[in-house]
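Data file: protein19.json. Format and content: JSON, C-alpha atoms.
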```json
[["chain", "number", "residue", "atom", "x", "y", "z"],
["A", 26, "MET", "CA", 86.57, 93.30, 172.90],
["A", 27, "THR", "CA", 84.03, 90.51, 172.55],
["A", 28, "SER", "CA", 81.26, 93.00, 171.75],
["A", 29, "ARG", "CA", 83.02, 93.82, 168.47],
["A", 30, "PHE", "CA", 82.98, 90.26, 167.12],
["A", 31, "PRO", "CA", 79.33, 90.21, 166.02],
["A", 32, "LEU", "CA", 79.87, 93.44, 164.06],
["A", 33, "ALA", "CA", 82.98, 92.01, 162.40],
["A", 34, "GLY", "CA", 81.05, 88.89, 161.51],
["A", 35, "LEU", "CA", 78.26, 90.92, 159.93],
["A", 36, "LEU", "CA", 80.78, 92.89, 157.90],
["A", 37, "LEU", "CA", 82.41, 89.69, 156.65],
["A", 38, "LEU", "CA", 78.99, 88.27, 155.78],
["A", 39, "ALA", "CA", 78.09, 91.44, 153.88],
["A", 40, "CYS", "CA", 81.36, 91.35, 151.94],
["A", 41, "GLY", "CA", 80.81, 87.70, 151.11],
["A", 42, "THR", "CA", 77.30, 88.43, 149.84],
["A", 43, "ALA", "CA", 78.51, 91.29, 147.66],
["A", 44, "THR", "CA", 81.27, 89.10, 146.23],
["A", 45, "ALA", "CA", 78.79, 86.40, 145.34],
["A", 46, "GLN", "CA", 76.62, 88.87, 143.43],
["A", 47, "SER", "CA", 79.31, 90.75, 141.52],
["A", 48, "SER", "CA", 82.84, 90.32, 140.21],
["A", 49, "VAL", "CA", 85.60, 92.51, 138.77],
["A", 50, "THR", "CA", 88.40, 91.18, 136.57],
["A", 51, "VAL", "CA", 91.74, 92.88, 135.94],
["A", 52, "TYR", "CA", 93.31, 91.79, 132.63],
["A", 53, "GLY", "CA", 95.73, 92.88, 129.95],
["A", 54, "LYS", "CA", 98.78, 92.04, 127.90],
["A", 55, "VAL", "CA", 102.36, 93.18, 127.43],
["A", 56, "ASP", "CA", 103.82, 92.77, 123.96],
["A", 57, "LEU", "CA", 107.36, 93.68, 122.87],
["A", 58, "GLY", "CA", 109.94, 92.49, 120.38],
["A", 59, "LEU", "CA", 112.43, 93.44, 117.70],
["A", 60, "ARG", "CA", 110.63, 94.93, 114.73],
["A", 61, "GLN", "CA", 111.12, 96.46, 111.32],
["A", 62, "SER", "CA", 107.86, 97.71, 109.86],
["A", 63, "ILE", "CA", 106.97, 97.56, 106.18],
["A", 64, "GLY", "CA", 107.77, 100.94, 104.69],
["A", 65, "SER", "CA", 110.45, 101.73, 107.28],
["A", 66, "GLU", "CA", 114.19, 101.07, 107.52],
["A", 67, "ASN", "CA", 114.15, 101.49, 111.31],
["A", 68, "LYS", "CA", 114.96, 98.45, 113.43],
["A", 69, "GLU", "CA", 113.59, 98.96, 116.93],
["A", 70, "VAL", "CA", 112.17, 97.47, 120.09],
["A", 71, "ALA", "CA", 108.44, 97.86, 119.53],
["A", 72, "THR", "CA", 105.06, 96.21, 119.91],
["A", 73, "SER", "CA", 103.24, 94.01, 117.42],
["A", 74, "GLY", "CA", 99.92, 94.93, 119.06],
["A", 75, "ASP", "CA", 99.21, 97.57, 121.69],
["A", 76, "SER", "CA", 99.92, 96.55, 125.28],
["A", 77, "ARG", "CA", 96.90, 97.11, 127.49],
["A", 78, "LEU", "CA", 95.45, 97.17, 130.98],
["A", 79, "GLY", "CA", 91.73, 96.64, 131.43],
["A", 80, "PHE", "CA", 89.01, 96.23, 134.03],
["A", 81, "ARG", "CA", 85.66, 94.56, 133.49],
["A", 82, "GLY", "CA", 82.93, 93.54, 135.86],
["A", 83, "VAL", "CA", 79.43, 92.17, 136.17],
["A", 84, "GLU", "CA", 76.75, 92.37, 138.84],
["A", 85, "ASP", "CA", 73.81, 89.98, 139.15],
["A", 86, "LEU", "CA", 70.75, 92.16, 139.65],
["A", 87, "GLY", "CA", 68.37, 89.23, 139.97],
["A", 88, "GLY", "CA", 65.55, 88.10, 137.73],
["A", 89, "GLY", "CA", 67.99, 87.27, 134.93],
["A", 90, "LEU", "CA", 69.21, 90.88, 134.69],
["A", 91, "THR", "CA", 72.93, 91.70, 134.83],
["A", 92, "ALA", "CA", 74.81, 95.00, 134.89],
["A", 93, "PHE", "CA", 78.23, 95.13, 133.24],
["A", 94, "PHE", "CA", 81.04, 97.62, 132.73],
["A", 95, "GLY", "CA", 84.49, 97.72, 131.19],
["A", 96, "PHE", "CA", 87.31, 100.10, 130.33],
["A", 97, "GLU", "CA", 90.71, 99.47, 128.75],
["A", 98, "HIS", "CA", 93.89, 101.54, 128.56],
["A", 99, "ARG", "CA", 96.34, 101.14, 125.65],
["A", 100, "PHE", "CA", 100.06, 101.93, 126.00],
["A", 101, "PHE", "CA", 103.49, 101.30, 124.48],
["A", 102, "ALA", "CA", 105.49, 99.02, 126.78],
["A", 103, "ASP", "CA", 108.84, 100.10, 125.28],
["A", 104, "THR", "CA", 108.40, 103.68, 126.56],
["A", 105, "GLY", "CA", 105.42, 103.54, 128.92],
["A", 106, "GLY", "CA", 103.83, 106.17, 126.68],
["A", 107, "GLN", "CA", 100.13, 106.43, 125.97],
["A", 108, "ASP", "CA", 98.68, 105.26, 122.68],
["A", 109, "GLY", "CA", 96.68, 108.15, 121.23],
["A", 110, "GLY", "CA", 94.97, 110.99, 123.03],
["A", 111, "GLN", "CA", 92.43, 108.91, 124.97],
["A", 112, "PHE", "CA", 93.39, 107.24, 128.23],
["A", 113, "TRP", "CA", 90.67, 104.58, 127.87],
["A", 114, "LYS", "CA", 91.40, 104.16, 124.17],
["A", 115, "GLY", "CA", 90.46, 100.47, 124.09],
["A", 116, "TYR", "CA", 86.88, 101.08, 125.20],
["A", 117, "SER", "CA", 84.82, 102.41, 128.12],
["A", 118, "GLN", "CA", 81.27, 101.15, 128.48],
["A", 119, "VAL", "CA", 78.45, 100.34, 130.88],
["A", 120, "GLY", "CA", 75.23, 98.47, 130.21],
["A", 121, "LEU", "CA", 72.61, 95.86, 131.03],
["A", 122, "ALA", "CA", 72.24, 92.27, 129.83],
["A", 123, "GLY", "CA", 69.49, 89.70, 130.04],
["A", 124, "SER", "CA", 67.45, 87.28, 127.96],
["A", 125, "PHE", "CA", 66.81, 90.20, 125.60],
["A", 126, "GLY", "CA", 70.54, 90.51, 124.81],
["A", 127, "LYS", "CA", 73.00, 93.24, 125.79],
["A", 128, "ILE", "CA", 72.62, 97.01, 125.62],
["A", 129, "GLY", "CA", 75.80, 99.05, 126.10],
["A", 130, "LEU", "CA", 76.67, 102.75, 126.15],
["A", 131, "GLY", "CA", 79.97, 104.57, 125.80],
["A", 132, "ARG", "CA", 83.10, 104.24, 123.67],
["A", 133, "GLN", "CA", 82.62, 100.84, 122.07],
["A", 134, "TYR", "CA", 83.72, 98.58, 119.22],
["A", 135, "THR", "CA", 81.56, 98.84, 116.12],
["A", 136, "ALA", "CA", 79.28, 95.90, 115.34],
["A", 137, "ALA", "CA", 80.83, 95.27, 111.90],
["A", 138, "PHE", "CA", 84.36, 95.23, 113.33],
["A", 139, "SER", "CA", 83.55, 92.83, 116.17],
["A", 140, "LEU", "CA", 81.53, 90.28, 114.22],
["A", 141, "ALA", "CA", 82.96, 90.52, 110.68],
["A", 142, "GLN", "CA", 86.09, 92.59, 109.96],
["A", 143, "ASN", "CA", 88.08, 91.16, 112.89],
["A", 144, "GLN", "CA", 87.21, 87.49, 112.32],
["A", 145, "ILE", "CA", 89.08, 86.61, 109.10],
["A", 146, "ASP", "CA", 92.74, 87.59, 109.64],
["A", 147, "PRO", "CA", 94.66, 84.73, 111.37],
["A", 148, "PHE", "CA", 96.98, 87.37, 112.87],
["A", 149, "GLY", "CA", 94.07, 89.23, 114.46],
["A", 150, "GLY", "CA", 95.28, 92.56, 113.12],
["A", 151, "ASP", "CA", 98.62, 92.30, 114.99],
["A", 152, "THR", "CA", 102.26, 91.93, 113.84],
["A", 153, "VAL", "CA", 103.84, 93.03, 110.56],
["A", 154, "ALA", "CA", 102.10, 90.08, 108.89],
["A", 155, "GLN", "CA", 98.53, 91.22, 109.64],
["A", 156, "LEU", "CA", 96.03, 91.49, 106.78],
["A", 157, "ARG", "CA", 92.93, 92.79, 108.60],
["A", 158, "ASP", "CA", 93.67, 96.48, 108.07],
["A", 159, "VAL", "CA", 94.86, 95.82, 104.51],
["A", 160, "SER", "CA", 92.02, 93.73, 103.12],
["A", 161, "MET", "CA", 89.06, 93.78, 105.53],
["A", 162, "ARG", "CA", 89.12, 97.50, 106.39],
["A", 163, "VAL", "CA", 89.71, 99.24, 103.07],
["A", 164, "GLY", "CA", 90.18, 102.82, 101.96],
["A", 165, "GLY", "CA", 90.36, 104.24, 105.47],
["A", 166, "ILE", "CA", 86.57, 103.97, 105.59],
["A", 167, "THR", "CA", 85.82, 102.03, 108.75],
["A", 168, "LYS", "CA", 86.21, 102.72, 112.46],
["A", 169, "VAL", "CA", 87.28, 100.18, 115.08],
["A", 170, "ARG", "CA", 85.54, 102.04, 117.90],
["A", 171, "VAL", "CA", 83.13, 104.96, 118.12],
["A", 172, "ASP", "CA", 82.49, 107.46, 120.90],
["A", 173, "GLY", "CA", 79.12, 108.35, 122.38],
["A", 174, "SER", "CA", 77.58, 105.13, 121.10],
["A", 175, "ILE", "CA", 74.70, 102.81, 121.92],
["A", 176, "SER", "CA", 75.11, 99.14, 121.04],
["A", 177, "TYR", "CA", 72.88, 96.07, 121.02],
["A", 178, "ASP", "CA", 74.08, 92.44, 120.91],
["A", 179, "PHE", "CA", 72.10, 89.20, 120.84],
["A", 180, "SER", "CA", 73.27, 85.58, 120.52],
["A", 181, "ALA", "CA", 71.30, 82.33, 120.27],
["A", 182, "ALA", "CA", 71.71, 78.92, 118.57],
["A", 183, "GLY", "CA", 75.02, 79.84, 116.95],
["A", 184, "PHE", "CA", 73.78, 83.17, 115.59],
["A", 185, "SER", "CA", 75.15, 86.52, 116.82],
["A", 186, "LEU", "CA", 73.66, 89.84, 115.79],
["A", 187, "ALA", "CA", 74.87, 93.31, 116.71],
["A", 188, "ALA", "CA", 74.08, 96.94, 115.93],
["A", 189, "SER", "CA", 75.67, 100.19, 117.05],
["A", 190, "VAL", "CA", 74.93, 103.85, 116.46],
["A", 191, "ALA", "CA", 77.05, 106.79, 117.62],
["A", 192, "GLU", "CA", 76.87, 110.57, 117.78],
["A", 193, "ALA", "CA", 78.13, 112.45, 114.72],
["A", 194, "ASN", "CA", 79.95, 115.32, 116.42],
["A", 195, "LYS", "CA", 82.04, 112.99, 118.62],
["A", 196, "ASN", "CA", 83.22, 110.95, 115.64],
["A", 197, "GLY", "CA", 84.35, 113.62, 113.18],
["A", 198, "GLY", "CA", 81.51, 113.79, 110.71],
["A", 199, "PRO", "CA", 78.10, 115.19, 109.85],
["A", 200, "ASP", "CA", 76.28, 111.83, 110.16],
["A", 201, "ARG", "CA", 75.71, 109.38, 112.99],
["A", 202, "ALA", "CA", 78.03, 106.40, 112.72],
["A", 203, "LEU", "CA", 75.95, 103.26, 112.08],
["A", 204, "SER", "CA", 77.26, 99.71, 112.09],
["A", 205, "LEU", "CA", 75.62, 96.27, 111.72],
["A", 206, "GLY", "CA", 77.17, 92.84, 112.15],
["A", 207, "ALA", "CA", 76.16, 89.19, 112.06],
["A", 208, "SER", "CA", 77.88, 85.83, 112.47],
["A", 209, "TYR", "CA", 76.92, 82.18, 112.47],
["A", 210, "ARG", "CA", 78.97, 79.35, 113.99],
["A", 211, "ASN", "CA", 78.04, 75.70, 113.53],
["A", 212, "GLY", "CA", 80.79, 73.22, 114.36],
["A", 213, "PRO", "CA", 83.67, 73.84, 111.95],
["A", 214, "LEU", "CA", 81.79, 76.50, 109.94],
["A", 215, "LEU", "CA", 81.89, 80.26, 110.47],
["A", 216, "LEU", "CA", 79.98, 82.81, 108.38],
["A", 217, "VAL", "CA", 80.19, 86.58, 108.96],
["A", 218, "ALA", "CA", 78.76, 89.76, 107.45],
["A", 219, "GLY", "CA", 78.91, 93.43, 108.33],
["A", 220, "HIS", "CA", 77.84, 96.84, 107.09],
["A", 221, "GLU", "CA", 79.27, 100.14, 108.26],
["A", 222, "ASP", "CA", 78.17, 103.69, 107.49],
["A", 223, "PRO", "CA", 80.64, 105.91, 109.38],
["A", 224, "SER", "CA", 80.15, 109.55, 110.27],
["A", 225, "GLY", "CA", 81.22, 110.92, 106.86],
["A", 226, "ALA", "CA", 78.63, 112.03, 104.33],
["A", 227, "ASP", "CA", 79.41, 109.43, 101.65],
["A", 228, "ASP", "CA", 81.63, 106.73, 103.17],
["A", 229, "LYS", "CA", 80.36, 103.19, 103.71],
["A", 230, "GLN", "CA", 81.60, 99.59, 103.58],
["A", 231, "TRP", "CA", 80.20, 96.07, 103.67],
["A", 232, "THR", "CA", 82.08, 92.86, 104.48],
["A", 233, "VAL", "CA", 81.45, 89.14, 104.07],
["A", 234, "GLY", "CA", 83.62, 86.26, 105.18],
["A", 235, "ALA", "CA", 83.80, 82.57, 106.02],
["A", 236, "GLY", "CA", 85.95, 80.11, 107.90],
["A", 237, "TYR", "CA", 86.13, 76.33, 108.02],
["A", 238, "THR", "CA", 88.16, 73.93, 110.15],
["A", 239, "TRP", "CA", 89.42, 70.64, 108.70],
["A", 240, "GLY", "CA", 91.11, 68.65, 111.44],
["A", 241, "ASN", "CA", 93.51, 71.13, 113.04],
["A", 242, "ALA", "CA", 93.68, 73.54, 110.11],
["A", 243, "THR", "CA", 91.38, 76.57, 109.89],
["A", 244, "LEU", "CA", 90.97, 78.31, 106.54],
["A", 245, "THR", "CA", 89.38, 81.76, 106.25],
["A", 246, "ALA", "CA", 88.36, 84.01, 103.38],
["A", 247, "GLY", "CA", 86.92, 87.52, 103.31],
["A", 248, "TYR", "CA", 85.88, 90.31, 100.98],
["A", 249, "SER", "CA", 85.16, 93.99, 101.64],
["A", 250, "ARG", "CA", 83.91, 96.72, 99.35],
["A", 251, "GLY", "CA", 83.02, 100.32, 100.00],
["A", 252, "THR", "CA", 83.03, 103.99, 99.10],
["A", 253, "MET", "CA", 85.64, 106.33, 100.52],
["A", 254, "SER", "CA", 84.86, 109.83, 101.82],
["A", 255, "THR", "CA", 86.25, 111.15, 98.52],
["A", 256, "GLY", "CA", 83.59, 109.19, 96.63],
["A", 257, "LEU", "CA", 86.12, 106.71, 95.19],
["A", 258, "ALA", "CA", 85.53, 102.96, 95.36],
["A", 259, "ALA", "CA", 87.74, 100.68, 97.45],
["A", 260, "LYS", "CA", 87.74, 96.90, 97.81],
["A", 261, "GLY", "CA", 89.84, 94.15, 99.31],
["A", 262, "TRP", "CA", 90.01, 90.39, 99.73],
["A", 263, "MET", "CA", 92.12, 87.93, 101.70],
["A", 264, "LEU", "CA", 92.74, 84.26, 102.43],
["A", 265, "GLY", "CA", 94.06, 83.02, 105.77],
["A", 266, "LEU", "CA", 95.38, 79.85, 107.44],
["A", 267, "ASN", "CA", 95.85, 78.78, 111.07],
["A", 268, "LEU", "CA", 97.66, 75.44, 111.43],
["A", 269, "PRO", "CA", 98.66, 74.16, 114.89],
["A", 270, "VAL", "CA", 102.08, 72.50, 114.85],
["A", 271, "GLY", "CA", 103.20, 71.10, 118.18],
["A", 272, "PRO", "CA", 102.76, 73.71, 120.92],
["A", 273, "GLY", "CA", 102.76, 76.48, 118.32],
["A", 274, "THR", "CA", 100.75, 77.65, 115.34],
["A", 275, "VAL", "CA", 101.75, 78.39, 111.75],
["A", 276, "LYS", "CA", 99.89, 81.43, 110.42],
["A", 277, "ALA", "CA", 99.67, 82.55, 106.82],
["A", 278, "ALA", "CA", 97.61, 85.09, 104.89],
["A", 279, "TYR", "CA", 97.50, 86.78, 101.52],
["A", 280, "GLY", "CA", 95.38, 89.76, 100.50],
["A", 281, "GLU", "CA", 94.99, 92.70, 98.17],
["A", 282, "GLN", "CA", 93.37, 96.14, 98.24],
["A", 283, "THR", "CA", 92.45, 98.41, 95.33],
["A", 284, "ARG", "CA", 91.34, 102.04, 95.37],
["A", 285, "ASP", "CA", 89.62, 103.52, 92.33],
["A", 286, "GLY", "CA", 90.70, 100.46, 90.34],
["A", 287, "VAL", "CA", 94.39, 100.92, 91.22],
["A", 288, "LYS", "CA", 96.14, 98.28, 93.32],
["A", 289, "PHE", "CA", 97.00, 99.90, 96.66],
["A", 290, "ALA", "CA", 98.33, 96.86, 98.56],
["A", 291, "GLN", "CA", 99.36, 93.31, 97.66],
["A", 292, "LYS", "CA", 100.57, 91.58, 100.81],
["A", 293, "LEU", "CA", 101.74, 88.19, 102.05],
["A", 294, "GLY", "CA", 102.06, 87.44, 105.77],
["A", 295, "LEU", "CA", 103.77, 84.42, 107.38],
["A", 296, "GLY", "CA", 104.43, 83.61, 111.01],
["A", 297, "TYR", "CA", 104.98, 81.02, 113.72],
["A", 298, "HIS", "CA", 103.61, 81.62, 117.22],
["A", 299, "TYR", "CA", 105.04, 79.29, 119.90],
["A", 300, "ALA", "CA", 103.11, 78.93, 123.15],
["A", 301, "LEU", "CA", 105.39, 78.65, 126.18],
["A", 302, "SER", "CA", 102.26, 78.48, 128.34],
["A", 303, "LYS", "CA", 98.58, 79.42, 128.14],
["A", 304, "ARG", "CA", 99.61, 83.03, 128.78],
["A", 305, "THR", "CA", 103.04, 83.49, 127.21],
["A", 306, "THR", "CA", 103.82, 83.22, 123.49],
["A", 307, "LEU", "CA", 106.94, 83.72, 121.41],
["A", 308, "TYR", "CA", 106.27, 84.90, 117.86],
["A", 309, "ALA", "CA", 108.19, 85.36, 114.63],
["A", 310, "ASP", "CA", 106.52, 86.99, 111.62],
["A", 311, "VAL", "CA", 107.36, 88.39, 108.24],
["A", 312, "GLY", "CA", 105.23, 90.53, 105.95],
["A", 313, "HIS", "CA", 105.83, 91.56, 102.33],
["A", 314, "ASP", "CA", 103.79, 94.18, 100.47],
["A", 315, "SER", "CA", 104.84, 94.46, 96.84],
["A", 316, "GLN", "CA", 103.00, 97.79, 96.54],
["A", 317, "ALA", "CA", 104.91, 99.50, 99.37],
["A", 318, "ALA", "CA", 106.96, 102.45, 98.14],
["A", 319, "THR", "CA", 110.03, 101.49, 100.22],
["A", 320, "ALA", "CA", 111.11, 98.64, 102.50],
["A", 321, "LYS", "CA", 108.59, 96.21, 101.08],
["A", 322, "THR", "CA", 109.44, 93.54, 103.69],
["A", 323, "GLY", "CA", 109.09, 93.77, 107.45],
["A", 324, "TYR", "CA", 109.59, 91.37, 110.36],
["A", 325, "ASP", "CA", 109.12, 91.03, 114.10],
["A", 326, "LEU", "CA", 110.51, 88.69, 116.78],
["A", 327, "GLY", "CA", 108.82, 89.11, 120.14],
["A", 328, "ILE", "CA", 107.17, 87.89, 123.28],
["A", 329, "LEU", "CA", 103.53, 88.33, 124.29],
["A", 330, "HIS", "CA", 102.29, 87.80, 127.85],
["A", 331, "ASN", "CA", 98.58, 87.85, 128.68],
["A", 332, "PHE", "CA", 97.30, 88.25, 132.22]]
```

Just give me the structure of the file as structure tokens.
Amino acid sequence: MTSRFPLAGLLLLACGTATAQSSVTVYGKVDLGLRQSIGSENKEVATSGDSRLGFRGVEDLGGGLTAFFGFEHRFFADTGGQDGGQFWKGYSQVGLAGSFGKIGLGRQYTAAFSLAQNQIDPFGGDTVAQLRDVSMRVGGITKVRVDGSISYDFSAAGFSLAASVAEANKNGGPDRALSLGASYRNGPLLLVAGHEDPSGADDKQWTVGAGYTWGNATLTAGYSRGTMSTGLAAKGWMLGLNLPVGPGTVKAAYGEQTRDGVKFAQKLGLGYHYALSKRTTLYADVGHDSQAATAKTGYDLGILHNF
């Protein structure tokens, strides 16, 4: 029996060494509530933003070089059903990082989405009150993620730069999907810009935006303009507000979108998100789009738990 102890000790030492050099994190969120979407008369138990389960990890390779990976599953918590046809719909990537920045490969977020389009909406693209997909991503031009992509990210002194390029045939078009993004943070100030040329022959969009924090209040503004795959012009703009009140936050946003000079959306979003803890939030939101054909007003009352 005693002859086995040295071997067990070596195994424990090896495991401890491996743990010190690498780490894997399991994370996700579950989001459900009562919801009536704009444009629908249905009142249902539904999500304000996809529930998800993800894994990400890093390994220290020495000499300032790090390997990283990540993949994320999206699902509907009310049914357990899968969101879309891809199991790892959120993303699935592997790459290397160092003083040169980060290089990633796989199914990844576009540079313009990460650094520009997703930074202005106080609702983060979730709930019936969201304005991101109304005003910052116009005309159905842009993509949130692209398959078969290579990305590069670099950050220093408040500046972040990113670029991504993806295969054409895996993203539904004749051209490679190209995306560029940039942001600058300096104290209360945020500036963002992005350009996206998706896989279609003619579609493209650029975005600019800004945010500023006075005391507890953060104001944001953004503008997007592009050309749809049909060759028609599309543009949008929005204003947003985040205002902490007690343990919760008041959120408000207003934005518009036009296509070929015709107003396509004119939306107001209001909400209050109450933090029960660092991980659990109760939310109540309302959205009103005066350009919706039916059911111009929607609402949701729900609970979000992050882990």

TODO: Would you mind listing what lies within 6 Å of segment 236-248 of chain A as a PyMOL selection string, with only C-alpha atoms counted and same-chain residues fewer than 2 positions away left out?
DONE: chain A and resi 145+213-215+232-234+261-268

Can you list, as a PDB file with C-alpha atoms, keeping the file's coordinate frame, every protein, DNA or RNA residue that comes within 10 Å of Arg250 of chain A when you count all atoms listed in the file, leaving out same-chain residues fewer than 4 positions away?
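result-v4.pdb was written with the following content:
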```pdb
ATOM      1  CA  SER A 160      92.020  93.730 103.120  1.00  0.00           C
ATOM      2  CA  MET A 161      89.060  93.780 105.530  1.00  0.00           C
ATOM      3  CA  ARG A 162      89.120  97.500 106.390  1.00  0.00           C
ATOM      4  CA  VAL A 163      89.710  99.240 103.070  1.00  0.00           C
ATOM      5  CA  GLY A 164      90.180 102.820 101.960  1.00  0.00           C
ATOM      6  CA  ILE A 166      86.570 103.970 105.590  1.00  0.00           C
ATOM      7  CA  HIS A 220      77.840  96.840 107.090  1.00  0.00           C
ATOM      8  CA  LYS A 229      80.360 103.190 103.710  1.00  0.00           C
ATOM      9  CA  GLN A 230      81.600  99.590 103.580  1.00  0.00           C
ATOM     10  CA  TRP A 231      80.200  96.070 103.670  1.00  0.00           C
ATOM     11  CA  THR A 232      82.080  92.860 104.480  1.00  0.00           C
ATOM     12  CA  VAL A 233      81.450  89.140 104.070  1.00  0.00           C
ATOM     13  CA  ALA A 258      85.530 102.960  95.360  1.00  0.00           C
ATOM     14  CA  ALA A 259      87.740 100.680  97.450  1.00  0.00           C
ATOM     15  CA  LYS A 260      87.740  96.900  97.810  1.00  0.00           C
ATOM     16  CA  GLY A 261      89.840  94.150  99.310  1.00  0.00           C
ATOM     17  CA  TRP A 262      90.010  90.390  99.730  1.00  0.00           C
ATOM     18  CA  GLN A 282      93.370  96.140  98.240  1.00  0.00           C
ATOM     19  CA  THR A 283      92.450  98.410  95.330  1.00  0.00           C
ATOM     20  CA  ARG A 284      91.340 102.040  95.370  1.00  0.00           C
TER      21      ARG A 284
END
```

Open item on the list: Just want the 12 Å neighbourhood of Gly149 of chain A, counted on only C-alpha atoms, with same-chain residues fewer than 6 positions away dropped. Output as a ChimeraX atom specification.
Closed with: /A:73-74,138-139,141-143,155-159,161,265-267,276-278,294

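Computed from the coordinates, the atom CA of Val119 of chain A to atom CA of Ala218 of chain A distance equals 25.7 Å.
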
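Using all atoms listed in the file, the smallest distance between any of A:Asp314, A:Thr72, A:Gly131, A:Gln107 and Phe94 of chain A comes from A:Gly131.
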
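Considering the residues A:Gly323, A:Gly296, A:Arg132, A:His330 and counting all atoms listed in the file, Glu69 of chain A has its shortest atom-to-atom contact with A:Gly323.
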
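Minimum atom-to-atom distances from A:Ala71, A:Val311, A:Val171, A:Leu140 to Val275 of chain A were compared using only C-alpha atoms, and the lowest value belongs to A:Val311.
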
Open item on the list: Around the point (98.9, 102.5, 93.5) (coordinates from the file), which residues reach within 12 Å if we count only C-alpha atoms? Answer as a PyMOL selection string.
Closed with: chain A and resi 259+281-291+314-318

Task: Length of the atom CA of Tyr297 of chain A to atom CA of Gln61 of chain A vector [Å] - done: 16.8 Å

Within 12 Å of segment 76-91 of chain A, which residues of segment 113-157 of chain A come that close, and what is the closest atom pair and distance in Å for each? Count only C-alpha atoms and give it as JSON lines.
```
{"residue": "A:Trp113", "atom": "CA", "partner": "A:Gly79", "partner_atom": "CA", "distance": 8.8}
{"residue": "A:Lys114", "atom": "CA", "partner": "A:Arg77", "partner_atom": "CA", "distance": 9.5}
{"residue": "A:Gly115", "atom": "CA", "partner": "A:Arg77", "partner_atom": "CA", "distance": 8.0}
{"residue": "A:Tyr116", "atom": "CA", "partner": "A:Gly79", "partner_atom": "CA", "distance": 9.1}
{"residue": "A:Ser117", "atom": "CA", "partner": "A:Phe80", "partner_atom": "CA", "distance": 9.5}
{"residue": "A:Gln118", "atom": "CA", "partner": "A:Arg81", "partner_atom": "CA", "distance": 9.4}
{"residue": "A:Val119", "atom": "CA", "partner": "A:Gly82", "partner_atom": "CA", "distance": 9.5}
{"residue": "A:Gly120", "atom": "CA", "partner": "A:Thr91", "partner_atom": "CA", "distance": 8.5}
{"residue": "A:Leu121", "atom": "CA", "partner": "A:Thr91", "partner_atom": "CA", "distance": 5.6}
{"residue": "A:Ala122", "atom": "CA", "partner": "A:Thr91", "partner_atom": "CA", "distance": 5.1}
{"residue": "A:Gly123", "atom": "CA", "partner": "A:Leu90", "partner_atom": "CA", "distance": 4.8}
{"residue": "A:Ser124", "atom": "CA", "partner": "A:Gly89", "partner_atom": "CA", "distance": 7.0}
{"residue": "A:Phe125", "atom": "CA", "partner": "A:Leu90", "partner_atom": "CA", "distance": 9.4}
{"residue": "A:Gly126", "atom": "CA", "partner": "A:Leu90", "partner_atom": "CA", "distance": 10.0}
{"residue": "A:Lys127", "atom": "CA", "partner": "A:Thr91", "partner_atom": "CA", "distance": 9.2}
{"residue": "A:Ile128", "atom": "CA", "partner": "A:Thr91", "partner_atom": "CA", "distance": 10.6}
{"residue": "A:Gly129", "atom": "CA", "partner": "A:Thr91", "partner_atom": "CA", "distance": 11.8}
{"residue": "A:Asp151", "atom": "CA", "partner": "A:Ser76", "partner_atom": "CA", "distance": 11.2}
```
